[in-house]
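Source file: run.cif (mmCIF, C-alpha atoms)
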```cif
data_entry
#
loop_
_atom_site.group_PDB
_atom_site.id
_atom_site.type_symbol
_atom_site.label_atom_id
_atom_site.label_comp_id
_atom_site.auth_asym_id
_atom_site.auth_seq_id
_atom_site.Cartn_x
_atom_site.Cartn_y
_atom_site.Cartn_z
ATOM 1 C CA MET A 1 0.000 0.000 0.000
ATOM 2 C CA THR A 2 1.113 3.573 -0.713
ATOM 3 C CA THR A 3 1.040 6.337 1.873
ATOM 4 C CA PHE A 4 -2.130 7.664 0.276
ATOM 5 C CA ASP A 5 -3.740 4.217 0.443
ATOM 6 C CA ASN A 6 -3.014 4.099 4.170
ATOM 7 C CA ILE A 7 -4.846 7.427 4.566
ATOM 8 C CA ALA A 8 -7.627 6.995 2.004
ATOM 9 C CA LEU A 9 -8.746 3.530 3.053
ATOM 10 C CA PRO A 10 -9.596 4.470 6.684
ATOM 11 C CA ILE A 11 -11.373 7.632 5.459
ATOM 12 C CA THR A 12 -13.347 5.599 2.927
ATOM 13 C CA ALA A 13 -14.220 3.044 5.614
ATOM 14 C CA THR A 14 -15.432 5.861 7.900
ATOM 15 C CA ILE A 15 -17.620 7.341 5.173
ATOM 16 C CA THR A 16 -18.941 3.847 4.455
ATOM 17 C CA GLY A 17 -19.944 3.558 8.116
ATOM 18 C CA LEU A 18 -21.729 6.921 7.972
ATOM 19 C CA ASN A 19 -23.557 5.874 4.810
ATOM 20 C CA MET A 20 -24.662 2.588 6.369
ATOM 21 C CA GLN A 21 -25.816 4.354 9.547
ATOM 22 C CA ALA A 22 -27.911 6.827 7.536
ATOM 23 C CA CYS A 23 -29.493 4.064 5.439
ATOM 24 C CA ALA A 24 -30.174 1.778 8.411
ATOM 25 C CA GLY A 25 -31.761 4.630 10.381
ATOM 26 C CA THR A 26 -34.044 5.479 7.478
ATOM 27 C CA LEU A 27 -35.070 1.847 7.011
ATOM 28 C CA VAL A 28 -35.893 1.458 10.718
ATOM 29 C CA HIS A 29 -38.243 4.433 10.436
ATOM 30 C CA GLU A 30 -39.681 3.903 6.960
ATOM 31 C CA VAL A 31 -40.246 0.144 6.713
ATOM 32 C CA PRO A 32 -42.917 0.128 9.482
ATOM 33 C CA ALA A 33 -44.458 3.268 7.937
ATOM 34 C CA LEU A 34 -44.569 1.539 4.540
ATOM 35 C CA VAL A 35 -46.200 -1.553 6.048
ATOM 36 C CA ARG A 36 -48.852 0.615 7.726
ATOM 37 C CA ALA A 37 -49.505 2.454 4.465
ATOM 38 C CA ILE A 38 -49.986 -0.838 2.629
ATOM 39 C CA ARG A 39 -52.405 -2.093 5.293
ATOM 40 C CA ASN A 40 -54.367 1.167 5.186
ATOM 41 C CA LYS A 41 -54.350 1.167 1.363
ATOM 42 C CA GLN A 42 -52.584 4.533 1.248
ATOM 43 C CA PRO A 43 -50.250 5.726 -1.573
ATOM 44 C CA ILE A 44 -46.900 3.945 -1.220
ATOM 45 C CA PHE A 45 -44.907 4.949 -4.314
ATOM 46 C CA PHE A 46 -42.468 7.392 -2.772
ATOM 47 C CA SER A 47 -42.162 5.452 0.499
ATOM 48 C CA SER A 48 -41.346 2.271 -1.411
ATOM 49 C CA VAL A 49 -38.789 4.176 -3.510
ATOM 50 C CA ILE A 50 -37.033 5.510 -0.409
ATOM 51 C CA VAL A 51 -37.022 2.075 1.247
ATOM 52 C CA SER A 52 -35.711 0.404 -1.928
ATOM 53 C CA PHE A 53 -32.955 2.969 -2.428
ATOM 54 C CA ASN A 54 -31.730 2.762 1.160
ATOM 55 C CA PHE A 55 -31.825 -1.035 1.123
ATOM 56 C CA PHE A 56 -29.865 -1.337 -2.122
ATOM 57 C CA ILE A 57 -27.177 1.161 -1.157
ATOM 58 C CA LEU A 58 -26.930 -0.289 2.366
ATOM 59 C CA ILE A 59 -26.127 -3.740 0.936
ATOM 60 C CA ASN A 60 -23.695 -2.164 -1.522
ATOM 61 C CA HIS A 61 -21.786 -0.530 1.328
ATOM 62 C CA PHE A 62 -22.080 -3.610 3.540
ATOM 63 C CA LEU A 63 -20.114 -5.473 0.852
ATOM 64 C CA PHE A 64 -17.316 -2.866 0.914
ATOM 65 C CA LEU A 65 -15.096 -4.719 3.376
ATOM 66 C CA PRO A 66 -15.681 -8.177 1.837
ATOM 67 C CA SER A 67 -14.705 -6.741 -1.548
ATOM 68 C CA VAL A 68 -11.497 -5.242 -0.134
ATOM 69 C CA ILE A 69 -10.434 -8.490 1.564
ATOM 70 C CA ALA A 70 -11.899 -10.806 -1.075
ATOM 71 C CA THR A 71 -10.212 -14.166 -1.517
ATOM 72 C CA GLU A 72 -9.888 -16.239 -4.643
ATOM 73 C CA THR A 73 -13.133 -18.065 -3.818
ATOM 74 C CA THR A 74 -15.196 -14.922 -3.079
ATOM 75 C CA CYS A 75 -13.629 -12.511 -5.588
ATOM 76 C CA VAL A 76 -16.108 -12.821 -8.448
ATOM 77 C CA GLN A 77 -19.295 -13.200 -6.389
ATOM 78 C CA VAL A 78 -18.660 -10.281 -4.035
ATOM 79 C CA ASN A 79 -17.669 -7.829 -6.757
ATOM 80 C CA TYR A 80 -20.596 -8.683 -9.007
ATOM 81 C CA ALA A 81 -22.988 -8.427 -6.049
ATOM 82 C CA THR A 82 -21.569 -5.003 -5.158
ATOM 83 C CA THR A 83 -22.049 -3.877 -8.748
ATOM 84 C CA VAL A 84 -25.651 -5.147 -8.872
ATOM 85 C CA PHE A 85 -26.700 -3.231 -5.758
ATOM 86 C CA TYR A 86 -24.844 -0.094 -6.875
ATOM 87 C CA HIS A 87 -26.654 0.065 -10.211
ATOM 88 C CA MET A 88 -30.014 -0.715 -8.615
ATOM 89 C CA SER A 89 -29.604 2.122 -6.111
ATOM 90 C CA MET A 90 -28.639 4.605 -8.836
ATOM 91 C CA LEU A 91 -31.511 3.527 -11.082
ATOM 92 C CA VAL A 92 -33.949 4.058 -8.226
ATOM 93 C CA PHE A 93 -32.498 7.500 -7.487
ATOM 94 C CA ASP A 94 -32.587 8.602 -11.135
ATOM 95 C CA ALA A 95 -36.181 7.411 -11.502
ATOM 96 C CA PHE A 96 -37.084 9.174 -8.249
ATOM 97 C CA ILE A 97 -35.790 12.638 -9.156
ATOM 98 C CA LEU A 98 -37.321 12.388 -12.632
ATOM 99 C CA ALA A 99 -40.680 11.327 -11.169
ATOM 100 C CA LYS A 100 -40.625 14.219 -8.720
ATOM 101 C CA SER A 101 -39.847 16.691 -11.491
ATOM 102 C CA TRP A 102 -42.555 15.140 -13.679
ATOM 103 C CA MET A 103 -45.066 15.842 -10.922
ATOM 104 C CA THR A 104 -43.999 19.483 -10.770
ATOM 105 C CA THR A 105 -44.505 19.811 -14.548
ATOM 106 C CA ARG A 106 -48.162 18.918 -13.907
ATOM 107 C CA LYS A 107 -47.526 15.441 -15.352
ATOM 108 C CA ASN A 108 -46.410 16.623 -18.765
ATOM 109 C CA ARG A 109 -46.490 13.702 -21.226
ATOM 110 C CA VAL A 110 -43.402 14.791 -23.157
ATOM 111 C CA PHE A 111 -41.395 15.034 -19.938
ATOM 112 C CA LEU A 112 -42.644 11.569 -18.942
ATOM 113 C CA ALA A 113 -41.598 10.053 -22.275
ATOM 114 C CA ILE A 114 -38.127 11.597 -22.030
ATOM 115 C CA SER A 115 -37.790 10.378 -18.442
ATOM 116 C CA VAL A 116 -38.714 6.792 -19.355
ATOM 117 C CA LEU A 117 -36.182 6.776 -22.203
ATOM 118 C CA LEU A 118 -33.467 8.113 -19.900
ATOM 119 C CA VAL A 119 -34.106 5.443 -17.259
ATOM 120 C CA LEU A 120 -33.994 2.758 -19.978
ATOM 121 C CA TYR A 121 -30.727 4.251 -21.262
ATOM 122 C CA ARG A 122 -29.275 4.099 -17.734
ATOM 123 C CA PHE A 123 -30.519 0.526 -17.308
ATOM 124 C CA SER A 124 -28.967 -0.583 -20.616
ATOM 125 C CA TRP A 125 -25.523 0.576 -19.490
ATOM 126 C CA ALA A 126 -25.959 -1.138 -16.143
ATOM 127 C CA VAL A 127 -26.505 -4.376 -18.068
ATOM 128 C CA ALA A 128 -23.539 -3.560 -20.315
ATOM 129 C CA ASP A 129 -21.378 -3.262 -17.209
ATOM 130 C CA PHE A 130 -21.857 -6.983 -16.581
ATOM 131 C CA VAL A 131 -21.281 -7.916 -20.200
ATOM 132 C CA LEU A 132 -18.228 -5.783 -20.991
ATOM 133 C CA SER A 133 -16.497 -5.595 -17.596
ATOM 134 C CA THR A 134 -14.645 -8.517 -16.018
ATOM 135 C CA VAL A 135 -13.525 -9.555 -12.564
ATOM 136 C CA ALA A 136 -10.934 -12.214 -11.833
ATOM 137 C CA TRP A 137 -8.385 -13.305 -9.276
ATOM 138 C CA ASN A 138 -4.825 -12.287 -10.159
ATOM 139 C CA THR A 139 -2.462 -14.952 -8.869
ATOM 140 C CA ASP A 140 0.643 -12.805 -9.422
ATOM 141 C CA LEU A 141 -0.720 -9.902 -7.348
ATOM 142 C CA ASN A 142 -2.701 -12.199 -5.065
ATOM 143 C CA ALA A 143 -5.611 -9.786 -5.418
ATOM 144 C CA CYS A 144 -9.079 -9.509 -6.892
ATOM 145 C CA ILE A 145 -9.015 -7.345 -10.025
ATOM 146 C CA TRP A 146 -12.096 -5.599 -11.444
ATOM 147 C CA ASN A 147 -11.528 -4.532 -15.037
ATOM 148 C CA GLN A 148 -14.298 -2.128 -15.895
ATOM 149 C CA SER A 149 -14.843 -1.039 -19.463
ATOM 150 C CA PRO A 150 -14.055 2.702 -19.778
ATOM 151 C CA LEU A 151 -16.899 2.974 -22.295
ATOM 152 C CA VAL A 152 -19.398 1.551 -19.813
ATOM 153 C CA ASN A 153 -18.208 3.791 -16.992
ATOM 154 C CA PHE A 154 -18.454 6.877 -19.186
ATOM 155 C CA HIS A 155 -21.958 6.110 -20.403
ATOM 156 C CA TYR A 156 -23.598 5.265 -17.093
ATOM 157 C CA ASP A 157 -22.015 8.345 -15.533
ATOM 158 C CA LEU A 158 -23.302 10.331 -18.507
ATOM 159 C CA ALA A 159 -26.768 8.804 -18.096
ATOM 160 C CA ASP A 160 -26.854 9.873 -14.435
ATOM 161 C CA ILE A 161 -25.836 13.414 -15.379
ATOM 162 C CA ILE A 162 -28.446 13.659 -18.149
ATOM 163 C CA CYS A 163 -31.136 12.448 -15.727
ATOM 164 C CA ASP A 164 -30.042 15.110 -13.251
ATOM 165 C CA ALA A 165 -29.967 17.790 -15.950
ATOM 166 C CA VAL A 166 -33.454 16.942 -17.245
ATOM 167 C CA ALA A 167 -34.855 16.858 -13.707
ATOM 168 C CA THR A 168 -33.238 20.235 -13.029
ATOM 169 C CA LEU A 169 -34.603 21.770 -16.232
ATOM 170 C CA GLY A 170 -38.073 20.437 -15.482
ATOM 171 C CA SER A 171 -38.119 22.018 -12.034
ATOM 172 C CA LEU A 172 -36.469 25.268 -13.130
ATOM 173 C CA SER A 173 -38.927 25.665 -15.988
ATOM 174 C CA MET A 174 -41.766 25.520 -13.479
ATOM 175 C CA LEU A 175 -40.038 28.170 -11.369
ATOM 176 C CA PHE A 176 -40.151 30.549 -14.339
ATOM 177 C CA VAL A 177 -43.641 29.465 -15.395
ATOM 178 C CA GLY A 178 -44.823 29.911 -11.826
ATOM 179 C CA LYS A 179 -44.126 33.631 -11.986
ATOM 180 C CA SER A 180 -46.633 34.021 -14.832
ATOM 181 C CA VAL A 181 -49.316 31.508 -13.815
ATOM 182 C CA GLY A 182 -49.096 32.184 -10.097
ATOM 183 C CA ILE A 183 -48.308 28.749 -8.657
ATOM 184 C CA ASN A 184 -47.916 28.707 -4.904
ATOM 185 C CA GLY A 185 -48.446 26.559 -1.853
ATOM 186 C CA ILE A 186 -47.557 22.864 -2.078
ATOM 187 C CA LEU A 187 -46.660 22.933 -5.780
ATOM 188 C CA GLN A 188 -44.264 25.849 -5.284
ATOM 189 C CA LYS A 189 -42.621 23.954 -2.428
ATOM 190 C CA LEU A 190 -42.242 20.834 -4.570
ATOM 191 C CA VAL A 191 -40.652 22.865 -7.339
ATOM 192 C CA ASN A 192 -38.194 24.516 -4.930
ATOM 193 C CA GLU A 193 -37.261 21.175 -3.347
ATOM 194 C CA ASN A 194 -36.642 19.410 -6.633
ATOM 195 C CA ALA A 195 -34.784 22.285 -8.267
ATOM 196 C CA LEU A 196 -32.324 22.432 -5.351
ATOM 197 C CA ARG A 197 -31.871 18.663 -5.078
ATOM 198 C CA SER A 198 -31.397 18.028 -8.793
ATOM 199 C CA MET A 199 -28.963 20.943 -9.192
ATOM 200 C CA VAL A 200 -26.796 19.733 -6.292
ATOM 201 C CA ILE A 201 -26.620 16.159 -7.576
ATOM 202 C CA LEU A 202 -25.962 17.409 -11.123
ATOM 203 C CA ILE A 203 -22.878 19.270 -9.897
ATOM 204 C CA VAL A 204 -21.699 16.347 -7.736
ATOM 205 C CA ASN A 205 -22.091 13.780 -10.528
ATOM 206 C CA ALA A 206 -20.348 16.034 -13.038
ATOM 207 C CA VAL A 207 -17.358 16.433 -10.701
ATOM 208 C CA VAL A 208 -17.182 12.674 -10.023
ATOM 209 C CA MET A 209 -17.434 11.920 -13.748
ATOM 210 C CA TYR A 210 -14.495 14.250 -14.372
ATOM 211 C CA LEU A 211 -12.478 12.529 -11.642
ATOM 212 C CA THR A 212 -13.354 9.109 -13.041
ATOM 213 C CA GLN A 213 -12.006 10.092 -16.452
ATOM 214 C CA THR A 214 -8.831 11.741 -15.141
ATOM 215 C CA LEU A 215 -7.710 9.900 -11.995
ATOM 216 C CA THR A 216 -5.856 6.620 -12.289
ATOM 217 C CA ASP A 217 -5.406 5.875 -8.597
ATOM 218 C CA PHE A 218 -8.139 3.486 -7.446
ATOM 219 C CA SER A 219 -8.013 4.649 -3.813
ATOM 220 C CA SER A 220 -8.771 8.210 -4.897
ATOM 221 C CA LEU A 221 -11.649 7.078 -7.077
ATOM 222 C CA LEU A 222 -13.082 4.895 -4.327
ATOM 223 C CA LEU A 223 -13.006 7.808 -1.904
ATOM 224 C CA ALA A 224 -14.728 10.084 -4.448
ATOM 225 C CA TRP A 225 -17.428 7.481 -5.137
ATOM 226 C CA TYR A 226 -18.258 6.991 -1.465
ATOM 227 C CA ILE A 227 -18.408 10.742 -0.824
ATOM 228 C CA GLN A 228 -20.747 10.937 -3.817
ATOM 229 C CA ASP A 229 -22.891 8.187 -2.265
ATOM 230 C CA TYR A 230 -23.013 10.070 1.032
ATOM 231 C CA ILE A 231 -24.363 13.196 -0.685
ATOM 232 C CA ILE A 232 -26.896 11.174 -2.686
ATOM 233 C CA ILE A 233 -28.137 9.460 0.486
ATOM 234 C CA LEU A 234 -28.610 12.834 2.188
ATOM 235 C CA LEU A 235 -30.495 14.204 -0.819
ATOM 236 C CA MET A 236 -32.756 11.175 -1.110
ATOM 237 C CA ASN A 237 -33.557 11.008 2.595
ATOM 238 C CA ALA A 238 -34.211 14.757 2.696
ATOM 239 C CA GLU A 239 -37.531 13.773 1.114
ATOM 240 C CA LEU A 240 -38.669 12.580 4.559
ATOM 241 C CA GLN A 241 -38.139 16.062 6.004
ATOM 242 C CA TYR A 242 -39.785 17.660 2.984
ATOM 243 C CA LYS A 243 -42.747 15.314 3.381
ATOM 244 C CA GLU A 244 -43.208 16.258 7.044
ATOM 245 C CA GLU A 245 -43.090 19.950 6.149
ATOM 246 C CA ARG A 246 -45.656 19.497 3.361
ATOM 247 C CA ASN A 247 -47.946 17.513 5.661
ATOM 248 C CA GLY A 248 -47.638 20.233 8.287
ATOM 249 C CA LYS A 249 -48.540 22.870 5.741
ATOM 250 C CA ARG A 250 -51.474 20.791 4.518
ATOM 251 C CA SER A 251 -52.787 20.328 8.076
ATOM 252 C CA LYS A 252 -52.863 24.119 8.481
ATOM 253 C CA ASN A 253 -54.755 24.426 5.207
ATOM 254 C CA PRO A 254 -56.962 21.334 4.688
ATOM 255 C CA ASN A 255 -58.043 22.572 1.252
ATOM 256 C CA THR A 256 -54.442 22.396 -0.026
ATOM 257 C CA SER A 257 -53.497 19.202 -1.874
ATOM 258 C CA THR A 258 -50.028 17.658 -1.969
ATOM 259 C CA ASN A 259 -50.725 16.563 -5.539
ATOM 260 C CA PRO A 260 -48.997 19.095 -7.835
ATOM 261 C CA GLU A 261 -51.633 18.786 -10.558
ATOM 262 C CA THR A 262 -54.506 19.293 -8.127
ATOM 263 C CA SER A 263 -52.735 22.150 -6.396
ATOM 264 C CA THR A 264 -51.977 23.900 -9.667
ATOM 265 C CA ARG A 265 -55.510 23.569 -10.941
ATOM 266 C CA GLY A 266 -56.730 25.017 -7.679
ATOM 267 C CA ASN A 267 -54.432 28.000 -8.149
ATOM 268 C CA GLU A 268 -55.714 28.479 -11.691
ATOM 269 C CA ARG A 269 -59.331 28.380 -10.499
ATOM 270 C CA ARG A 270 -58.628 30.938 -7.777
ATOM 271 C CA LYS A 271 -56.863 33.187 -10.267
ATOM 272 C CA SER A 272 -59.771 32.887 -12.705
ATOM 273 C CA THR A 273 -62.278 33.682 -9.958
ATOM 274 C CA SER A 274 -60.218 36.718 -8.967
ATOM 275 C CA ASN A 275 -60.169 37.970 -12.553
ATOM 276 C CA HIS A 276 -63.960 37.706 -12.818
ATOM 277 C CA ALA A 277 -64.572 39.446 -9.525
#
```
Could the structure of this file be written out as structure tokens, please?
Amino acid sequence: MTTFDNIALPITATITGLNMQACAGTLVHEVPALVRAIRNKQPIFFSSVIVSFNFFILINHFLFLPSVIATETTCVQVNYATTVFYHMSMLVFDAFILAKSWMTTRKNRVFLAISVLLVLYRFSWAVADFVLSTVAWNTDLNACIWNQSPLVNFHYDLADIICDAVATLGSLSMLFVGKSVGINGILQKLVNENALRSMVILIVNAVVMYLTQTLTDFSSLLLAWYIQDYIIILLMNAELQYKEERNGKRSKNPNTSTNPETSTRGNERRKSTSNHA
């Protein structure tokens, strides 16, 4: 190990622990809430998305140590399992931010079609990662070697960035439209939340993509990836705080809906009534 490896590995392990703690804490809170929602026949889409994301990324990080100390017998299985859970967590996150932005666009069909194509594009490169990348035990180095195709890495990073960019544009467009059509209340809050979240992750993913294409030291890349995961976990789980705030605002105004389409139509009706008065 180099001097940097001796420093980077403990830092990466610490960040991994923080990531696992955040995911486990969310699952402890959200799994019972999801079960109750299912029993009460309440909407479960976003709760199930949050639970799925935290579960997938928790398992991915749980496999960090086994992948570092992998033996000849566990090399292939552990690394492929880590890759599976990584791609699943990122697919869930990309679908989540696109779905949230789609809601703020008042369920625009064009935005939905673009979002579906982007998720399929991301999924195709996740599959390509298993086809074009290889993992094997190197007897000379006595180590497990993951040879990832540079083409695959570039394209799934690019897919994540495009998803972030489209989600950002969708939310920002509603910010500008809102000034002319007068959106407010729950819909305005949704737009603000998604614009901030998608812009932050767009910047983070762009920086990590640049590092992936320029850095050759694996320890540096691993550290960057786990910091990226930490930020993504915070952004995903911020939805729980946003949800509590929206519910609190709705309880103060029972006539306000958390559905962006319903809320927007209500605003349009009030504006129309005001113009006729």
Could you give me, as an MDAnalysis selection string, the residues within 9 Å of Trp146 (chain A), counting only C-alpha atoms and dropping anything in the same chain fewer than 6 positions from it? chainID A and resid 76 79 133:137
In Å, how far is it from CA of Ile50 (chain A) to CA of Ala8 (chain A)? 29.5 Å
Give me the residues within 12 Å of Val78 (chain A) as a JSON list (two decimals) with C-alpha atoms, in the coordinates of the input, counting only C-alpha atoms and dropping any in the same chain fewer than 2 places off.
```json
[["chain", "number", "residue", "atom", "x", "y", "z"],
["A", 59, "ILE", "CA", -26.13, -3.74, 0.94],
["A", 60, "ASN", "CA", -23.70, -2.16, -1.52],
["A", 61, "HIS", "CA", -21.79, -0.53, 1.33],
["A", 62, "PHE", "CA", -22.08, -3.61, 3.54],
["A", 63, "LEU", "CA", -20.11, -5.47, 0.85],
["A", 64, "PHE", "CA", -17.32, -2.87, 0.91],
["A", 65, "LEU", "CA", -15.10, -4.72, 3.38],
["A", 66, "PRO", "CA", -15.68, -8.18, 1.84],
["A", 67, "SER", "CA", -14.70, -6.74, -1.55],
["A", 68, "VAL", "CA", -11.50, -5.24, -0.13],
["A", 69, "ILE", "CA", -10.43, -8.49, 1.56],
["A", 70, "ALA", "CA", -11.90, -10.81, -1.08],
["A", 71, "THR", "CA", -10.21, -14.17, -1.52],
["A", 72, "GLU", "CA", -9.89, -16.24, -4.64],
["A", 73, "THR", "CA", -13.13, -18.07, -3.82],
["A", 74, "THR", "CA", -15.20, -14.92, -3.08],
["A", 75, "CYS", "CA", -13.63, -12.51, -5.59],
["A", 76, "VAL", "CA", -16.11, -12.82, -8.45],
["A", 80, "TYR", "CA", -20.60, -8.68, -9.01],
["A", 81, "ALA", "CA", -22.99, -8.43, -6.05],
["A", 82, "THR", "CA", -21.57, -5.00, -5.16],
["A", 83, "THR", "CA", -22.05, -3.88, -8.75],
["A", 84, "VAL", "CA", -25.65, -5.15, -8.87],
["A", 85, "PHE", "CA", -26.70, -3.23, -5.76],
["A", 135, "VAL", "CA", -13.52, -9.56, -12.56],
["A", 136, "ALA", "CA", -10.93, -12.21, -11.83],
["A", 137, "TRP", "CA", -8.38, -13.30, -9.28],
["A", 144, "CYS", "CA", -9.08, -9.51, -6.89],
["A", 145, "ILE", "CA", -9.02, -7.34, -10.02],
["A", 146, "TRP", "CA", -12.10, -5.60, -11.44]]
```
Kindly resolve the PyMOL selection byres ((chain A and resi 231) around 12) on the present coordinates and return the residues as an mmCIF file with C-alpha atoms, in the coordinates of the input.
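The result, written out as out.cif:
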```cif
data_model
loop_
_atom_site.group_PDB
_atom_site.id
_atom_site.type_symbol
_atom_site.label_atom_id
_atom_site.label_comp_id
_atom_site.auth_asym_id
_atom_site.auth_seq_id
_atom_site.Cartn_x
_atom_site.Cartn_y
_atom_site.Cartn_z
ATOM 1 C CA ILE A 15 -17.620 7.341 5.173
ATOM 2 C CA THR A 16 -18.941 3.847 4.455
ATOM 3 C CA LEU A 18 -21.729 6.921 7.972
ATOM 4 C CA ASN A 19 -23.557 5.874 4.810
ATOM 5 C CA ALA A 22 -27.911 6.827 7.536
ATOM 6 C CA ARG A 197 -31.871 18.663 -5.078
ATOM 7 C CA SER A 198 -31.397 18.028 -8.793
ATOM 8 C CA VAL A 200 -26.796 19.733 -6.292
ATOM 9 C CA ILE A 201 -26.620 16.159 -7.576
ATOM 10 C CA LEU A 202 -25.962 17.409 -11.123
ATOM 11 C CA ILE A 203 -22.878 19.270 -9.897
ATOM 12 C CA VAL A 204 -21.699 16.347 -7.736
ATOM 13 C CA ASN A 205 -22.091 13.780 -10.528
ATOM 14 C CA VAL A 208 -17.182 12.674 -10.023
ATOM 15 C CA ALA A 224 -14.728 10.084 -4.448
ATOM 16 C CA TRP A 225 -17.428 7.481 -5.137
ATOM 17 C CA TYR A 226 -18.258 6.991 -1.465
ATOM 18 C CA ILE A 227 -18.408 10.742 -0.824
ATOM 19 C CA GLN A 228 -20.747 10.937 -3.817
ATOM 20 C CA ASP A 229 -22.891 8.187 -2.265
ATOM 21 C CA TYR A 230 -23.013 10.070 1.032
ATOM 22 C CA ILE A 232 -26.896 11.174 -2.686
ATOM 23 C CA ILE A 233 -28.137 9.460 0.486
ATOM 24 C CA LEU A 234 -28.610 12.834 2.188
ATOM 25 C CA LEU A 235 -30.495 14.204 -0.819
ATOM 26 C CA MET A 236 -32.756 11.175 -1.110
ATOM 27 C CA ASN A 237 -33.557 11.008 2.595
ATOM 28 C CA ALA A 238 -34.211 14.757 2.696
#
```
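The space between CA of Gln21 (chain A) and CA of Arg122 (chain A) spans 27.5 Å.
For the atom pair formed by CA of Met199 (chain A) and CA of Val116 (chain A), the distance is 20.0 Å, given to one decimal.
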Assuming the chain letters and numbering stay as they are in my file, what does the PyMOL selection byres ((chain A and resi 99) around 12) actually select? List them as a PDB file with C-alpha atoms, in the frame of the given file.
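What ended up in part33.pdb:
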```
ATOM      1  CA  PHE A  45     -44.907   4.949  -4.314  1.00  0.00           C
ATOM      2  CA  PHE A  46     -42.468   7.392  -2.772  1.00  0.00           C
ATOM      3  CA  VAL A  49     -38.789   4.176  -3.510  1.00  0.00           C
ATOM      4  CA  VAL A  92     -33.949   4.058  -8.226  1.00  0.00           C
ATOM      5  CA  PHE A  93     -32.498   7.500  -7.487  1.00  0.00           C
ATOM      6  CA  ASP A  94     -32.587   8.602 -11.135  1.00  0.00           C
ATOM      7  CA  ALA A  95     -36.181   7.411 -11.502  1.00  0.00           C
ATOM      8  CA  PHE A  96     -37.084   9.174  -8.249  1.00  0.00           C
ATOM      9  CA  ILE A  97     -35.790  12.638  -9.156  1.00  0.00           C
ATOM     10  CA  LEU A  98     -37.321  12.388 -12.632  1.00  0.00           C
ATOM     11  CA  LYS A 100     -40.625  14.219  -8.720  1.00  0.00           C
ATOM     12  CA  SER A 101     -39.847  16.691 -11.491  1.00  0.00           C
ATOM     13  CA  TRP A 102     -42.555  15.140 -13.679  1.00  0.00           C
ATOM     14  CA  MET A 103     -45.066  15.842 -10.922  1.00  0.00           C
ATOM     15  CA  THR A 104     -43.999  19.483 -10.770  1.00  0.00           C
ATOM     16  CA  THR A 105     -44.505  19.811 -14.548  1.00  0.00           C
ATOM     17  CA  ARG A 106     -48.162  18.918 -13.907  1.00  0.00           C
ATOM     18  CA  LYS A 107     -47.526  15.441 -15.352  1.00  0.00           C
ATOM     19  CA  ASN A 108     -46.410  16.623 -18.765  1.00  0.00           C
ATOM     20  CA  ARG A 109     -46.490  13.702 -21.226  1.00  0.00           C
ATOM     21  CA  PHE A 111     -41.395  15.034 -19.938  1.00  0.00           C
ATOM     22  CA  LEU A 112     -42.644  11.569 -18.942  1.00  0.00           C
ATOM     23  CA  ALA A 113     -41.598  10.053 -22.275  1.00  0.00           C
ATOM     24  CA  ILE A 114     -38.127  11.597 -22.030  1.00  0.00           C
ATOM     25  CA  SER A 115     -37.790  10.378 -18.442  1.00  0.00           C
ATOM     26  CA  VAL A 116     -38.714   6.792 -19.355  1.00  0.00           C
ATOM     27  CA  LEU A 118     -33.467   8.113 -19.900  1.00  0.00           C
ATOM     28  CA  VAL A 119     -34.106   5.443 -17.259  1.00  0.00           C
ATOM     29  CA  CYS A 163     -31.136  12.448 -15.727  1.00  0.00           C
ATOM     30  CA  ASP A 164     -30.042  15.110 -13.251  1.00  0.00           C
ATOM     31  CA  VAL A 166     -33.454  16.942 -17.245  1.00  0.00           C
ATOM     32  CA  ALA A 167     -34.855  16.858 -13.707  1.00  0.00           C
ATOM     33  CA  THR A 168     -33.238  20.235 -13.029  1.00  0.00           C
ATOM     34  CA  GLY A 170     -38.073  20.437 -15.482  1.00  0.00           C
ATOM     35  CA  SER A 171     -38.119  22.018 -12.034  1.00  0.00           C
ATOM     36  CA  LEU A 190     -42.242  20.834  -4.570  1.00  0.00           C
ATOM     37  CA  ASN A 194     -36.642  19.410  -6.633  1.00  0.00           C
ATOM     38  CA  SER A 198     -31.397  18.028  -8.793  1.00  0.00           C
ATOM     39  CA  PRO A 260     -48.997  19.095  -7.835  1.00  0.00           C
TER      40      PRO A 260
END
```
Near-His155 (chain A) list (12 Å; only C-alpha atoms; drop same-chain fewer than 6 positions) as an mmCIF file with C-alpha atoms, keeping the file's coordinate frame:
```cif
data_model
loop_
_atom_site.group_PDB
_atom_site.id
_atom_site.type_symbol
_atom_site.label_atom_id
_atom_site.label_comp_id
_atom_site.auth_asym_id
_atom_site.auth_seq_id
_atom_site.Cartn_x
_atom_site.Cartn_y
_atom_site.Cartn_z
ATOM 1 C CA LEU A 118 -33.467 8.113 -19.900
ATOM 2 C CA TYR A 121 -30.727 4.251 -21.262
ATOM 3 C CA ARG A 122 -29.275 4.099 -17.734
ATOM 4 C CA PHE A 123 -30.519 0.526 -17.308
ATOM 5 C CA SER A 124 -28.967 -0.583 -20.616
ATOM 6 C CA TRP A 125 -25.523 0.576 -19.490
ATOM 7 C CA ALA A 126 -25.959 -1.138 -16.143
ATOM 8 C CA VAL A 127 -26.505 -4.376 -18.068
ATOM 9 C CA ALA A 128 -23.539 -3.560 -20.315
ATOM 10 C CA ASP A 129 -21.378 -3.262 -17.209
ATOM 11 C CA SER A 149 -14.843 -1.039 -19.463
ATOM 12 C CA ILE A 161 -25.836 13.414 -15.379
ATOM 13 C CA ILE A 162 -28.446 13.659 -18.149
ATOM 14 C CA MET A 209 -17.434 11.920 -13.748
ATOM 15 C CA THR A 212 -13.354 9.109 -13.041
ATOM 16 C CA GLN A 213 -12.006 10.092 -16.452
#
```
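Among the candidates A:Leu196, A:Pro150, A:Leu132, A:Tyr156, the one nearest to Leu91 (chain A) when counting only C-alpha atoms is A:Tyr156.
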Step by step, work through what the PyMOL selection byres ((chain A and resi 54) around 8) selects in the shown file, and finish by giving those residues as a list in words. Cys23, Ala24, Thr26, Leu27, Ile50, Val51, Ser52, Phe53, Phe55, Phe56, Ile57, Leu58, Ser89 and Ile233 of chain A
